[in-house]
>>> print(open('final.txt').read())   # compact mmCIF, N, CA and C atoms
# COMPACT_ATOMS: atom_id res chain seq x y z
N MET A 6 0.00 3.60 20.40
CA MET A 6 0.94 4.43 19.71
C MET A 6 1.37 5.61 20.59
N ARG A 7 0.53 6.01 21.50
CA ARG A 7 0.87 7.14 22.38
C ARG A 7 2.08 6.82 23.25
N LYS A 8 2.15 5.58 23.72
CA LYS A 8 3.28 5.20 24.56
C LYS A 8 4.58 5.26 23.78
N LEU A 9 4.54 4.82 22.54
CA LEU A 9 5.74 4.88 21.70
C LEU A 9 6.15 6.33 21.45
N THR A 10 5.17 7.17 21.17
CA THR A 10 5.45 8.59 20.95
C THR A 10 6.06 9.22 22.19
N ALA A 11 5.55 8.85 23.35
CA ALA A 11 6.10 9.37 24.61
C ALA A 11 7.56 8.97 24.79
N LEU A 12 7.93 7.84 24.23
CA LEU A 12 9.31 7.38 24.30
C LEU A 12 10.19 7.94 23.18
N GLY A 13 9.58 8.73 22.31
CA GLY A 13 10.33 9.34 21.22
C GLY A 13 10.39 8.48 19.97
N ILE A 14 9.56 7.45 19.91
CA ILE A 14 9.53 6.55 18.76
C ILE A 14 8.36 6.95 17.87
N ARG A 15 8.68 7.28 16.63
CA ARG A 15 7.65 7.71 15.69
C ARG A 15 7.15 6.50 14.91
N ALA A 16 6.01 5.97 15.30
CA ALA A 16 5.47 4.76 14.68
C ALA A 16 4.54 5.06 13.51
N ARG A 17 3.96 6.24 13.46
CA ARG A 17 2.98 6.55 12.41
C ARG A 17 3.55 6.44 11.01
N PRO A 18 4.76 6.93 10.72
CA PRO A 18 5.27 6.78 9.35
C PRO A 18 5.39 5.31 8.92
N ALA A 19 5.83 4.45 9.81
CA ALA A 19 5.94 3.03 9.48
C ALA A 19 4.56 2.42 9.28
N ARG A 20 3.61 2.82 10.11
CA ARG A 20 2.23 2.32 9.99
C ARG A 20 1.64 2.73 8.64
N ASN A 21 1.82 4.01 8.29
CA ASN A 21 1.27 4.50 7.04
C ASN A 21 1.91 3.81 5.83
N THR A 22 3.20 3.62 5.88
CA THR A 22 3.89 2.93 4.79
C THR A 22 3.37 1.51 4.64
N THR A 23 3.21 0.83 5.76
CA THR A 23 2.70 -0.53 5.73
C THR A 23 1.29 -0.58 5.17
N LEU A 24 0.43 0.35 5.58
CA LEU A 24 -0.94 0.38 5.06
C LEU A 24 -0.95 0.66 3.55
N MET A 25 -0.06 1.52 3.09
CA MET A 25 0.01 1.81 1.65
C MET A 25 0.45 0.57 0.88
N GLU A 26 1.44 -0.12 1.40
CA GLU A 26 1.91 -1.33 0.71
C GLU A 26 0.84 -2.41 0.68
N LEU A 27 0.16 -2.60 1.79
CA LEU A 27 -0.90 -3.60 1.83
C LEU A 27 -2.06 -3.23 0.93
N SER A 28 -2.42 -1.96 0.90
CA SER A 28 -3.55 -1.55 0.07
C SER A 28 -3.22 -1.62 -1.41
N ALA A 29 -1.95 -1.60 -1.75
CA ALA A 29 -1.55 -1.77 -3.14
C ALA A 29 -1.66 -3.24 -3.55
N GLU A 30 -1.59 -4.13 -2.58
CA GLU A 30 -1.61 -5.57 -2.86
C GLU A 30 -2.98 -6.21 -2.69
N LEU A 31 -3.79 -5.66 -1.81
CA LEU A 31 -5.05 -6.30 -1.44
C LEU A 31 -6.25 -5.41 -1.78
N PRO A 32 -7.38 -6.02 -2.10
CA PRO A 32 -8.61 -5.24 -2.27
C PRO A 32 -9.01 -4.61 -0.93
N ALA A 33 -9.73 -3.51 -1.00
CA ALA A 33 -10.11 -2.78 0.21
C ALA A 33 -10.90 -3.64 1.19
N VAL A 34 -11.79 -4.48 0.69
CA VAL A 34 -12.60 -5.29 1.59
C VAL A 34 -11.72 -6.29 2.36
N VAL A 35 -10.73 -6.85 1.72
CA VAL A 35 -9.83 -7.79 2.39
C VAL A 35 -8.99 -7.05 3.43
N LEU A 36 -8.47 -5.89 3.07
CA LEU A 36 -7.69 -5.07 4.00
C LEU A 36 -8.53 -4.71 5.22
N SER A 37 -9.77 -4.35 4.98
CA SER A 37 -10.68 -3.98 6.06
C SER A 37 -10.88 -5.15 7.02
N ARG A 38 -11.14 -6.31 6.48
CA ARG A 38 -11.40 -7.47 7.34
C ARG A 38 -10.15 -7.95 8.06
N LEU A 39 -9.04 -7.95 7.38
CA LEU A 39 -7.80 -8.42 8.01
C LEU A 39 -7.33 -7.54 9.15
N LEU A 40 -7.43 -6.23 8.95
CA LEU A 40 -6.89 -5.29 9.93
C LEU A 40 -7.93 -4.67 10.84
N GLY A 41 -9.20 -4.97 10.58
CA GLY A 41 -10.25 -4.39 11.41
C GLY A 41 -10.48 -2.92 11.12
N LEU A 42 -10.12 -2.48 9.93
CA LEU A 42 -10.37 -1.10 9.53
C LEU A 42 -11.81 -0.97 9.05
N HIS A 43 -12.35 0.21 9.19
CA HIS A 43 -13.66 0.47 8.59
C HIS A 43 -13.47 0.44 7.08
N ILE A 44 -14.47 -0.04 6.36
CA ILE A 44 -14.34 -0.18 4.91
C ILE A 44 -14.02 1.15 4.23
N SER A 45 -14.55 2.25 4.75
CA SER A 45 -14.26 3.56 4.13
C SER A 45 -12.79 3.93 4.33
N ALA A 46 -12.21 3.55 5.45
CA ALA A 46 -10.78 3.81 5.66
C ALA A 46 -9.94 2.96 4.72
N ALA A 47 -10.32 1.72 4.55
CA ALA A 47 -9.59 0.83 3.63
C ALA A 47 -9.70 1.34 2.19
N GLU A 48 -10.88 1.84 1.83
CA GLU A 48 -11.06 2.40 0.48
C GLU A 48 -10.21 3.65 0.29
N LYS A 49 -10.08 4.45 1.34
CA LYS A 49 -9.24 5.65 1.28
C LYS A 49 -7.79 5.26 0.99
N TRP A 50 -7.31 4.23 1.70
CA TRP A 50 -5.93 3.78 1.46
C TRP A 50 -5.78 3.23 0.04
N ALA A 51 -6.79 2.54 -0.44
CA ALA A 51 -6.74 2.00 -1.80
C ALA A 51 -6.69 3.13 -2.83
N LYS A 52 -7.44 4.20 -2.60
CA LYS A 52 -7.42 5.34 -3.51
C LYS A 52 -6.06 6.03 -3.48
N GLU A 53 -5.45 6.07 -2.31
CA GLU A 53 -4.13 6.69 -2.19
C GLU A 53 -3.08 5.95 -3.01
N THR A 54 -3.22 4.64 -3.09
CA THR A 54 -2.22 3.85 -3.81
C THR A 54 -2.57 3.63 -5.27
N ALA A 55 -3.78 3.98 -5.69
CA ALA A 55 -4.19 3.76 -7.08
C ALA A 55 -3.25 4.43 -8.08
N PRO A 56 -2.84 5.68 -7.87
CA PRO A 56 -1.89 6.27 -8.82
C PRO A 56 -0.58 5.49 -8.89
N THR A 57 -0.17 4.93 -7.76
CA THR A 57 1.07 4.16 -7.73
C THR A 57 0.92 2.91 -8.61
N ARG A 58 -0.21 2.25 -8.49
CA ARG A 58 -0.46 1.05 -9.31
C ARG A 58 -0.47 1.41 -10.79
N ALA A 59 -1.15 2.49 -11.13
CA ALA A 59 -1.23 2.89 -12.53
C ALA A 59 0.15 3.26 -13.07
N ALA A 60 0.93 3.97 -12.28
CA ALA A 60 2.27 4.35 -12.72
C ALA A 60 3.15 3.12 -12.90
N TYR A 61 3.02 2.18 -11.99
CA TYR A 61 3.80 0.95 -12.09
C TYR A 61 3.41 0.16 -13.33
N ALA A 62 2.11 0.04 -13.59
CA ALA A 62 1.65 -0.67 -14.77
C ALA A 62 2.13 0.02 -16.05
N ALA A 63 2.10 1.35 -16.05
CA ALA A 63 2.59 2.08 -17.22
C ALA A 63 4.08 1.85 -17.42
N GLU A 64 4.83 1.84 -16.35
CA GLU A 64 6.27 1.59 -16.43
C GLU A 64 6.54 0.20 -16.99
N LEU A 65 5.80 -0.79 -16.53
CA LEU A 65 5.98 -2.15 -17.04
C LEU A 65 5.68 -2.24 -18.54
N SER A 66 4.65 -1.53 -18.98
CA SER A 66 4.29 -1.60 -20.39
C SER A 66 5.33 -0.90 -21.27
N ARG A 67 6.09 0.03 -20.71
CA ARG A 67 7.11 0.75 -21.49
C ARG A 67 8.44 0.00 -21.55
N ARG A 68 8.64 -0.94 -20.66
CA ARG A 68 9.90 -1.66 -20.64
C ARG A 68 10.06 -2.51 -21.89
N LYS A 69 11.31 -2.58 -22.34
CA LYS A 69 11.60 -3.42 -23.49
C LYS A 69 11.60 -4.87 -23.03
N THR A 70 11.03 -5.72 -23.85
CA THR A 70 11.00 -7.13 -23.52
C THR A 70 12.26 -7.79 -24.07
N VAL A 71 12.89 -8.56 -23.26
CA VAL A 71 14.10 -9.28 -23.69
C VAL A 71 13.69 -10.73 -23.92
N HIS A 72 13.85 -11.17 -25.11
CA HIS A 72 13.54 -12.57 -25.44
C HIS A 72 14.83 -13.36 -25.42
N THR A 73 14.80 -14.47 -24.76
CA THR A 73 15.97 -15.34 -24.74
C THR A 73 15.65 -16.62 -25.48
N SER A 74 16.61 -17.10 -26.23
CA SER A 74 16.38 -18.36 -26.94
C SER A 74 16.74 -19.52 -26.02
N GLN A 75 15.97 -20.55 -26.12
CA GLN A 75 16.20 -21.70 -25.23
C GLN A 75 16.82 -22.84 -25.96
>>> encode(input="final.txt", output="structure tokens")
Amino acid sequence: MRKLTALGIRARPARNTTLMELSAELPAVVLSRLLGLHISAAEKWAKETAPTRAAYAAELSRRKTVHTSQ
């Protein structure tokens, strides 16, 4: 990442976004094994996305259901 930064390319925001998206989809242990992260780092990312998951679930439960006749 240092080489990219030296070239003026900011890779950390994209990396962080990707880690947040993956941690919202995968359990921490799977994220840790897939990416070679320490389990505590993977758990940290999972905790960061937990409010997002809860907010999303709450939003889904508030949506009106549209029933279509077949």
>>> residues_around(input="final.txt", residues="segment 29-38 of chain A", least_positions_apart="5", cutoff="6 Å", atoms="only C-alpha atoms", output="ChimeraX atom specification")
/A:43-44,47-48,54
>>> select_by_dssp(input="final.txt", residues="segment 16-70 of chain A", states="alpha helix (DSSP H)", output="VMD selection string")
chain A and resid 17 to 30 33 to 40 44 to 67
>>> atom_distance(input="final.txt", atom1="atom CA of Gly41 of chain A", atom2="atom CA of Ala55 of chain A")
21.1 Å
>>> atom_distance(input="final.txt", atom1="atom CA of Leu27 of chain A", atom2="atom CA of Lys52 of chain A")
12.3 Å
>>> atom_distance(input="final.txt", atom1="atom CA of Ala51 of chain A", atom2="atom CA of Ser28 of chain A")
5.1 Å
>>> closest_residue(input="final.txt", among="A:Met6, A:Arg68, A:Ala59, A:Leu39", to="Arg20 of chain A", atoms="only C-alpha atoms")
A:Met6
